[in-house]
>>> print(open('protein13.cif').read())   # mmCIF, C-alpha atoms
data_entry
loop_
_atom_site.label_atom_id
_atom_site.label_comp_id
_atom_site.auth_asym_id
_atom_site.auth_seq_id
_atom_site.Cartn_x
_atom_site.Cartn_y
_atom_site.Cartn_z
CA GLY A 1 88.65 83.01 113.21
CA ALA A 2 90.37 86.32 112.69
CA GLY A 3 91.95 86.95 109.33
CA VAL A 4 95.04 88.92 108.41
CA SER A 5 94.82 92.49 109.64
CA GLN A 6 96.81 95.52 108.53
CA SER A 7 97.17 98.98 109.94
CA PRO A 8 96.76 101.73 109.16
CA ARG A 9 94.31 101.19 106.33
CA TYR A 10 95.21 104.56 104.84
CA LYS A 11 98.36 106.60 105.21
CA VAL A 12 99.22 109.96 103.69
CA ALA A 13 102.87 110.95 103.89
CA LYS A 14 104.74 113.94 102.65
CA ARG A 15 107.65 113.19 100.36
CA GLY A 16 110.71 112.49 102.44
CA GLN A 17 108.87 111.20 105.49
CA ASP A 18 109.38 107.71 106.90
CA VAL A 19 106.39 105.37 107.25
CA ALA A 20 105.78 102.06 109.03
CA LEU A 21 103.07 99.64 107.96
CA ARG A 22 101.96 96.82 110.24
CA CYS A 23 100.72 93.32 109.46
CA ASP A 24 99.13 90.89 111.93
CA PRO A 25 99.06 87.47 110.27
CA ILE A 26 96.74 84.61 111.12
CA SER A 27 97.88 82.94 114.32
CA GLY A 28 100.11 79.96 113.64
CA HIS A 29 100.96 80.91 110.08
CA VAL A 30 104.66 80.47 109.52
CA SER A 31 104.94 82.21 106.15
CA LEU A 32 104.40 85.93 105.68
CA PHE A 33 104.57 87.85 102.42
CA TRP A 34 104.49 91.54 101.52
CA TYR A 35 103.24 92.68 98.12
CA GLN A 36 102.97 96.11 96.50
CA GLN A 37 100.04 96.92 94.24
CA ALA A 38 100.16 99.99 92.03
CA LEU A 39 96.92 101.43 90.69
CA GLY A 40 95.45 99.22 87.97
CA GLN A 41 98.11 96.54 88.35
CA GLY A 42 98.26 93.15 90.03
CA PRO A 43 100.15 92.76 93.31
CA GLU A 44 103.93 92.42 93.04
CA PHE A 45 106.03 90.45 95.50
CA LEU A 46 108.30 92.40 97.84
CA THR A 47 109.59 90.05 100.52
CA TYR A 48 108.99 86.77 102.35
CA PHE A 49 109.47 85.61 105.94
CA GLN A 50 109.46 82.13 107.38
CA ASN A 51 108.95 82.70 111.09
CA GLU A 52 111.39 85.49 111.96
CA ALA A 53 113.79 84.75 109.11
CA GLN A 54 113.60 86.92 106.02
CA LEU A 55 114.30 84.33 103.34
CA ASP A 56 113.64 86.38 100.23
CA LYS A 57 113.81 90.14 99.79
CA SER A 58 114.42 90.14 96.07
CA GLY A 59 111.33 92.22 95.34
CA LEU A 60 112.18 95.19 97.53
CA PRO A 61 112.58 98.08 95.06
CA SER A 62 115.32 99.95 96.88
CA ASP A 63 117.29 100.11 100.10
CA ARG A 64 114.72 102.56 101.40
CA PHE A 65 112.42 99.58 101.96
CA PHE A 66 112.98 97.47 105.05
CA ALA A 67 110.86 94.71 106.58
CA GLU A 68 111.10 92.85 109.86
CA ARG A 69 109.29 90.14 111.81
CA PRO A 70 111.32 89.94 115.02
CA GLU A 71 109.19 87.43 116.94
CA GLY A 72 107.86 85.47 114.02
CA SER A 73 104.36 86.91 114.19
CA VAL A 74 103.68 90.62 113.59
CA SER A 75 105.60 92.16 110.71
CA THR A 76 106.42 95.76 109.88
CA LEU A 77 107.27 97.18 106.48
CA LYS A 78 109.19 100.42 106.75
CA ILE A 79 109.77 102.87 103.94
CA GLN A 80 112.33 105.59 104.51
CA ARG A 81 112.38 108.94 102.75
CA THR A 82 109.16 108.22 100.87
CA GLN A 83 108.86 109.25 97.24
CA GLN A 84 105.81 109.69 95.04
CA GLU A 85 106.46 106.44 93.21
CA ASP A 86 105.99 104.63 96.54
CA SER A 87 102.28 105.47 96.40
CA ALA A 88 100.50 102.11 96.21
CA VAL A 89 98.53 99.59 98.22
CA TYR A 90 100.74 97.40 100.38
CA LEU A 91 99.31 93.94 100.95
CA CYS A 92 100.34 91.39 103.52
CA ALA A 93 99.57 87.67 103.20
CA SER A 94 100.20 84.70 105.45
CA SER A 95 100.06 80.94 105.09
CA PHE A 96 101.29 77.66 106.46
CA ALA A 97 104.61 76.66 104.97
CA GLY A 98 104.37 72.93 104.45
CA THR A 99 103.64 71.05 101.28
CA GLY A 100 99.92 70.92 100.68
CA TYR A 101 99.26 74.21 102.43
CA TYR A 102 98.93 76.27 99.31
CA GLU A 103 96.52 79.07 100.10
CA GLN A 104 97.73 82.56 100.96
CA TYR A 105 95.40 84.66 103.06
CA PHE A 106 95.56 88.36 102.33
CA GLY A 107 94.86 91.33 104.49
CA PRO A 108 92.88 94.35 103.24
CA GLY A 109 96.02 96.32 102.53
CA THR A 110 97.36 99.74 103.46
CA ARG A 111 96.88 102.46 100.87
CA LEU A 112 99.90 104.76 100.96
CA THR A 113 99.69 108.14 99.27
CA VAL A 114 102.86 110.23 99.09
CA THR A 115 102.25 113.91 98.37
CA ASP B 1 106.72 88.49 84.53
CA ALA B 2 103.36 86.72 84.69
CA LYS B 3 103.22 83.53 82.65
CA THR B 4 99.52 83.86 81.87
CA THR B 5 97.38 85.88 79.46
CA GLN B 6 93.86 86.98 80.32
CA PRO B 7 91.38 89.35 78.68
CA PRO B 8 91.39 92.71 80.46
CA SER B 9 87.65 92.81 81.05
CA MET B 10 84.41 90.86 80.72
CA ASP B 11 80.73 91.42 81.45
CA CYS B 12 78.25 88.84 82.66
CA ALA B 13 74.52 89.03 83.36
CA GLU B 14 73.48 88.26 86.90
CA GLY B 15 72.40 84.64 87.27
CA ARG B 16 74.29 83.51 84.19
CA ALA B 17 77.49 81.51 84.13
CA ALA B 18 80.69 83.55 83.94
CA ASN B 19 83.46 81.85 81.95
CA LEU B 20 86.87 83.44 82.43
CA PRO B 21 89.62 82.20 80.08
CA CYS B 22 93.33 82.04 80.73
CA ASN B 23 96.20 81.11 78.42
CA HIS B 24 99.33 79.58 79.92
CA SER B 25 101.01 78.08 76.87
CA THR B 26 104.44 77.80 78.51
CA ILE B 27 103.24 75.93 81.58
CA SER B 28 105.56 73.18 82.81
CA GLY B 29 104.52 69.71 83.83
CA ASN B 30 104.87 70.39 87.54
CA GLU B 31 103.13 73.77 87.56
CA TYR B 32 99.67 74.26 89.01
CA VAL B 33 97.03 76.69 87.82
CA TYR B 34 95.65 78.91 90.59
CA TRP B 35 92.82 81.43 90.54
CA TYR B 36 92.45 84.32 92.95
CA ARG B 37 90.03 87.21 92.86
CA GLN B 38 90.20 90.71 94.30
CA ILE B 39 87.06 92.58 95.18
CA HIS B 40 87.39 96.35 95.29
CA SER B 41 89.31 97.62 98.35
CA GLN B 42 90.04 94.10 99.58
CA GLY B 43 93.02 91.78 99.37
CA PRO B 44 93.06 88.88 96.89
CA GLN B 45 91.09 85.78 97.83
CA TYR B 46 91.89 82.21 96.83
CA ILE B 47 89.26 80.54 94.63
CA ILE B 48 90.53 77.24 93.28
CA HIS B 49 93.57 75.46 91.84
CA GLY B 50 94.33 72.45 89.65
CA LEU B 51 97.09 70.49 87.97
CA LYS B 52 95.59 68.32 85.22
CA ASN B 53 92.07 67.35 86.17
CA ASN B 54 89.05 69.57 86.27
CA GLU B 55 88.23 70.79 89.75
CA THR B 56 85.09 72.04 91.47
CA ASN B 57 84.46 73.58 94.85
CA GLU B 58 81.74 75.66 96.45
CA MET B 59 82.91 78.79 94.67
CA ALA B 60 83.74 77.74 91.14
CA SER B 61 84.83 75.12 88.63
CA LEU B 62 88.17 74.97 86.87
CA ILE B 63 88.43 73.39 83.45
CA ILE B 64 91.97 72.69 82.21
CA THR B 65 92.55 71.65 78.59
CA GLU B 66 94.20 68.32 77.93
CA ASP B 67 97.42 69.97 76.73
CA ARG B 68 97.26 72.25 79.83
CA LYS B 69 97.97 75.32 77.74
CA SER B 70 94.76 77.04 78.75
CA SER B 71 92.06 76.91 81.37
CA THR B 72 88.65 78.40 82.15
CA LEU B 73 87.27 79.46 85.49
CA ILE B 74 83.51 79.04 85.66
CA LEU B 75 81.26 80.82 88.12
CA PRO B 76 78.04 78.91 87.55
CA HIS B 77 75.52 81.52 88.68
CA ALA B 78 77.19 84.91 88.87
CA THR B 79 75.91 87.43 91.39
CA LEU B 80 76.65 91.12 91.80
CA ARG B 81 79.07 90.19 94.61
CA ASP B 82 81.21 88.32 92.08
CA THR B 83 82.21 91.63 90.48
CA ALA B 84 86.00 91.64 90.94
CA VAL B 85 89.37 91.29 89.24
CA TYR B 86 90.18 87.62 88.62
CA TYR B 87 93.80 86.50 88.46
CA CYS B 88 95.03 83.32 86.83
CA ILE B 89 98.44 82.27 88.19
CA VAL B 90 100.78 79.41 87.39
CA ARG B 91 102.88 78.23 90.27
CA ALA B 92 105.72 75.76 90.33
CA THR B 93 105.23 74.46 93.83
CA HIS B 94 102.30 73.35 95.90
CA SER B 95 103.30 74.83 99.21
CA GLY B 96 102.73 77.98 101.16
CA ASN B 97 106.28 79.29 101.08
CA THR B 98 106.48 80.67 97.56
CA PRO B 99 105.22 84.03 96.37
CA LEU B 100 102.39 84.45 93.91
CA VAL B 101 103.14 86.10 90.56
CA PHE B 102 100.11 88.15 89.51
CA GLY B 103 99.39 89.56 86.07
CA LYS B 104 96.80 92.24 85.42
CA GLY B 105 93.88 89.84 85.60
CA THR B 106 90.38 90.09 84.14
CA ARG B 107 87.97 92.65 85.50
CA LEU B 108 84.59 90.90 85.65
CA SER B 109 81.52 93.09 85.87
CA VAL B 110 78.30 91.31 86.78
CA ILE B 111 75.34 93.29 85.54
CA ALA B 112 71.84 93.20 87.02
#
>>> encode(input="protein13.cif", output="structure tokens")
Amino acid sequence: GAGVSQSPRYKVAKRGQDVALRCDPISGHVSLFWYQQALGQGPEFLTYFQNEAQLDKSGLPSDRFFAERPEGSVSTLKIQRTQQEDSAVYLCASSFAGTGYYEQYFGPGTRLTVT
Amino acid sequence: DAKTTQPPSMDCAEGRAANLPCNHSTISGNEYVYWYRQIHSQGPQYIIHGLKNNETNEMASLIITEDRKSSTLILPHATLRDTAVYYCIVRATHSGNTPLVFGKGTRLSVIA
């Protein structure tokens, strides 16, 4: 079946612009995660949704970052007033939530470049 | 911070076994060892996980030492498509509702 998809795959923004990154998880997956991956580093957790509820946003680096999942499926990560340090690959992952469902399925990511 | 230590890079000849080590000396009794890999320009992909016993699936084998302070991921016959960054992760729960904590991983280069 279809995997996790993300759009756009590449985004170039001028400093100060707002951007919105979309994630389409695997159908039926309750859990959805956003990660940020800087060049040469491993992914770092940003935020977690269970259905439409944002249960953990401890990894969001500032109040310029905002995520939503209003209907419990598609999610959007929004970054306001982008800065150069926001340049990274943003990864989305989804999974089932119950015990025993351990695997997270990742999308290909959106590469954001802030100039 | 990641609770694992991995070498930054390794090379392996095509067709040979690739043995990727991981140290997790502070692992707790209820923590699992997970391995993911990330091929260039793709998202991470689950490989295998284990608690105490050695595990094998169609992709790899996982050998965990008796004291659980280290483990080795084995790709039995590495191919060029196995070139990727491999991440060893310890995780307290065995469910899909907790985030993964990645370190920098090991960059494996499979050479023809």
>>> interface_residues(input="protein13.cif", of="chain B", to="chain A", cutoff="7 Å", atoms="only C-alpha atoms", output="PDB file with C-alpha atoms, keeping the file's coordinate frame")
ATOM      1  CA  SER B  41      89.310  97.620  98.350  1.00  0.00           C
ATOM      2  CA  GLN B  42      90.040  94.100  99.580  1.00  0.00           C
ATOM      3  CA  GLY B  43      93.020  91.780  99.370  1.00  0.00           C
ATOM      4  CA  PRO B  44      93.060  88.880  96.890  1.00  0.00           C
ATOM      5  CA  GLN B  45      91.090  85.780  97.830  1.00  0.00           C
ATOM      6  CA  TYR B  46      91.890  82.210  96.830  1.00  0.00           C
ATOM      7  CA  HIS B  94     102.300  73.350  95.900  1.00  0.00           C
ATOM      8  CA  SER B  95     103.300  74.830  99.210  1.00  0.00           C
ATOM      9  CA  GLY B  96     102.730  77.980 101.160  1.00  0.00           C
ATOM     10  CA  ASN B  97     106.280  79.290 101.080  1.00  0.00           C
ATOM     11  CA  PRO B  99     105.220  84.030  96.370  1.00  0.00           C
ATOM     12  CA  VAL B 101     103.140  86.100  90.560  1.00  0.00           C
ATOM     13  CA  PHE B 102     100.110  88.150  89.510  1.00  0.00           C
ATOM     14  CA  GLY B 103      99.390  89.560  86.070  1.00  0.00           C
ATOM     15  CA  LYS B 104      96.800  92.240  85.420  1.00  0.00           C
TER      16      LYS B 104
END
>>> resolve_selection(input="protein13.cif", expression="the PyMOL selection byres ((chain B and resi 82) around 8)", output="PyMOL selection string")
chain B and resi 39+78-81+83-84+108-110
>>> closest_residue(input="protein13.cif", among="B:Ser9, B:Tyr87, B:Thr98, B:Cys22", to="Thr65 (chain B)", atoms="only C-alpha atoms")
B:Cys22
>>> resolve_selection(input="protein13.cif", expression="the PyMOL selection byres ((chain B and resi 30) around 9)", output="VMD selection string")
chain B and resid 27 to 29 31 to 32 51 91 to 93
>>> write_last_selection(input="protein13.cif", atoms="C-alpha atoms", output="compact mmCIF listing (two decimals), keeping the file's coordinate frame")
# COMPACT_ATOMS: atom_id res chain seq x y z
CA ILE B 27 103.24 75.93 81.58
CA SER B 28 105.56 73.18 82.81
CA GLY B 29 104.52 69.71 83.83
CA GLU B 31 103.13 73.77 87.56
CA TYR B 32 99.67 74.26 89.01
CA LEU B 51 97.09 70.49 87.97
CA ARG B 91 102.88 78.23 90.27
CA ALA B 92 105.72 75.76 90.33
CA THR B 93 105.23 74.46 93.83
>>> atom_distance(input="protein13.cif", atom1="CA of Glu68 (chain A)", atom2="CA of Cys23 (chain A)")
10.4 Å
>>> closest_residue(input="protein13.cif", among="A:Ala13, A:Ala67, A:Val74, A:Leu60", to="Pro25 (chain A)", atoms="only C-alpha atoms")
A:Val74
>>> closest_residue(input="protein13.cif", among="A:Ser7, A:Gln36, A:Ser27, A:Ser58", to="Gly72 (chain A)", atoms="only C-alpha atoms")
A:Ser27
